[in-house]
file start11.txt (compact mmCIF, C-alpha atoms)
# COMPACT_ATOMS: atom_id res chain seq x y z
CA MET J 45 124.35 104.44 112.14
CA LEU J 46 123.91 106.52 115.28
CA THR J 47 121.43 109.35 115.79
CA VAL J 48 122.32 112.06 118.27
CA GLY J 49 120.19 115.18 118.62
CA HIS J 50 119.77 116.81 115.23
CA TRP J 51 122.58 114.84 113.58
CA ARG J 52 122.97 111.34 112.18
CA LEU J 53 126.44 109.76 112.42
CA HIS J 54 127.61 107.14 109.95
CA ALA J 55 131.08 105.64 110.10
CA ASP J 56 132.67 102.86 108.10
CA TRP J 57 136.09 102.01 106.68
CA HIS J 58 135.87 104.69 103.98
CA ARG J 59 134.28 107.73 105.61
CA ILE J 60 132.76 109.39 108.66
CA GLU J 61 129.58 111.38 107.93
CA LEU J 62 127.46 113.73 109.98
CA THR J 63 124.17 114.54 108.25
CA PRO J 64 121.56 116.95 109.60
CA ARG J 65 118.10 115.76 110.62
CA PRO J 66 114.85 117.74 110.96
CA ARG J 67 114.28 119.31 114.36
CA ARG J 68 111.18 118.12 116.21
CA SER J 69 110.82 121.57 117.78
CA CYS J 70 110.69 123.36 114.41
CA PRO J 71 107.53 125.53 114.21
CA ASP J 72 107.39 125.25 110.40
CA CYS J 73 107.59 121.50 109.74
CA ARG J 74 107.06 120.11 113.28
CA GLY J 75 109.79 117.50 112.73
CA ALA J 76 108.50 116.19 109.40
CA GLY J 77 111.39 117.75 107.45
CA GLY J 78 109.22 119.63 104.98
CA TRP J 79 105.77 120.01 103.52
CA TRP J 80 103.94 119.29 100.31
CA VAL J 81 103.54 122.13 97.83
CA GLY J 82 100.24 121.83 95.99
CA GLY J 83 99.57 122.00 92.32
CA VAL J 84 99.21 119.58 89.43
CA ASN J 85 102.47 117.82 90.38
CA PRO J 86 102.84 118.16 94.16
CA GLU J 87 106.42 118.18 95.43
CA MET J 88 107.99 118.00 98.86
CA GLU J 89 109.70 121.24 99.87
CA ALA J 90 112.50 120.78 102.40
CA CYS J 91 112.38 122.82 105.59
CA GLY J 92 115.30 125.09 106.40
CA CYS J 93 115.73 123.57 109.87
CA TRP J 94 117.83 120.81 108.30
CA ALA J 95 118.19 121.50 104.57
CA ASP J 96 120.25 124.68 105.06
CA ARG J 97 122.79 122.99 107.35
CA PRO J 98 125.86 121.47 105.69
CA GLU J 99 126.67 117.78 105.66
CA LEU J 100 130.03 117.06 107.25
CA ARG J 101 132.15 114.29 105.74
CA VAL J 102 135.67 113.06 106.53
CA ARG J 103 137.15 110.70 103.98
CA LEU J 104 139.48 108.12 105.42
CA LEU J 105 142.54 107.12 103.48
CA PRO J 106 142.91 103.47 102.52
CA ALA J 107 145.79 101.50 104.00
CA PRO J 108 148.80 101.18 101.69
CA ALA J 109 148.96 97.98 99.67
CA TRP J 110 151.38 95.31 100.77
CA PRO J 111 154.10 94.58 98.21
CA ASP J 112 153.95 91.22 96.47
CA GLU J 113 157.70 90.68 96.73
CA PRO J 114 160.11 90.93 99.66
CA PRO J 115 162.07 94.22 99.82
CA PHE J 116 165.43 92.57 98.99

call {"tool": "encode", "arguments": {"input": "start11.txt", "output": "structure tokens"}}
result
Amino acid sequence: MLTVGHWRLHADWHRIELTPRPRRSCPDCRGAGGWWVGGVNPEMEACGCWADRPELRVRLLPAPAWPDEPPF
């Protein structure tokens, strides 16, 4: 996994993914990625600095299977 700027890159045999990360310069969350919403059951609300950006994914095709028998 590689982190560059506001993106995290993950690559393996099956896919290449770019996922957004919270921005440290965000005035709302200050890089935390969200904040806790109070109440009886507090929940984490995601900040728009990363939650509104799409995740980019490229699926890689598997290599074709080798035949068990010779072609002739």

call {"tool": "residues_around", "arguments": {"input": "start11.txt", "residues": "Ala90 (chain J)", "least_positions_apart": "6", "cutoff": "10 Å", "atoms": "all atoms listed in the file", "output": "PDB file with C-alpha atoms, keeping the file's coordinate frame"}}
result
ATOM      1  CA  PRO J  66     114.850 117.740 110.960  1.00  0.00           C
ATOM      2  CA  CYS J  73     107.590 121.500 109.740  1.00  0.00           C
ATOM      3  CA  ALA J  76     108.500 116.190 109.400  1.00  0.00           C
ATOM      4  CA  GLY J  77     111.390 117.750 107.450  1.00  0.00           C
ATOM      5  CA  GLY J  78     109.220 119.630 104.980  1.00  0.00           C
ATOM      6  CA  TRP J  79     105.770 120.010 103.520  1.00  0.00           C
ATOM      7  CA  TRP J  80     103.940 119.290 100.310  1.00  0.00           C
ATOM      8  CA  ASP J  96     120.250 124.680 105.060  1.00  0.00           C
TER       9      ASP J  96
END

call {"tool": "residues_around", "arguments": {"input": "start11.txt", "residues": "region 48-60 of chain J", "least_positions_apart": "4", "cutoff": "8 Å", "atoms": "all atoms listed in the file", "output": "compact mmCIF listing (two decimals) with C-alpha atoms, keeping the file's coordinate frame"}}
result
# COMPACT_ATOMS: atom_id res chain seq x y z
CA PRO J 64 121.56 116.95 109.60
CA ARG J 65 118.10 115.76 110.62
CA PRO J 66 114.85 117.74 110.96
CA ARG J 67 114.28 119.31 114.36
CA ARG J 101 132.15 114.29 105.74
CA VAL J 102 135.67 113.06 106.53
CA ARG J 103 137.15 110.70 103.98
CA LEU J 104 139.48 108.12 105.42
CA LEU J 105 142.54 107.12 103.48
CA PRO J 106 142.91 103.47 102.52

call {"tool": "atom_distance", "arguments": {"input": "start11.txt", "atom1": "CA of Leu62 (chain J)", "atom2": "CA of Leu46 (chain J)"}}
result
9.6 Å

call {"tool": "atom_distance", "arguments": {"input": "start11.txt", "atom1": "CA of Arg74 (chain J)", "atom2": "CA of Pro98 (chain J)"}}
result
20.3 Å
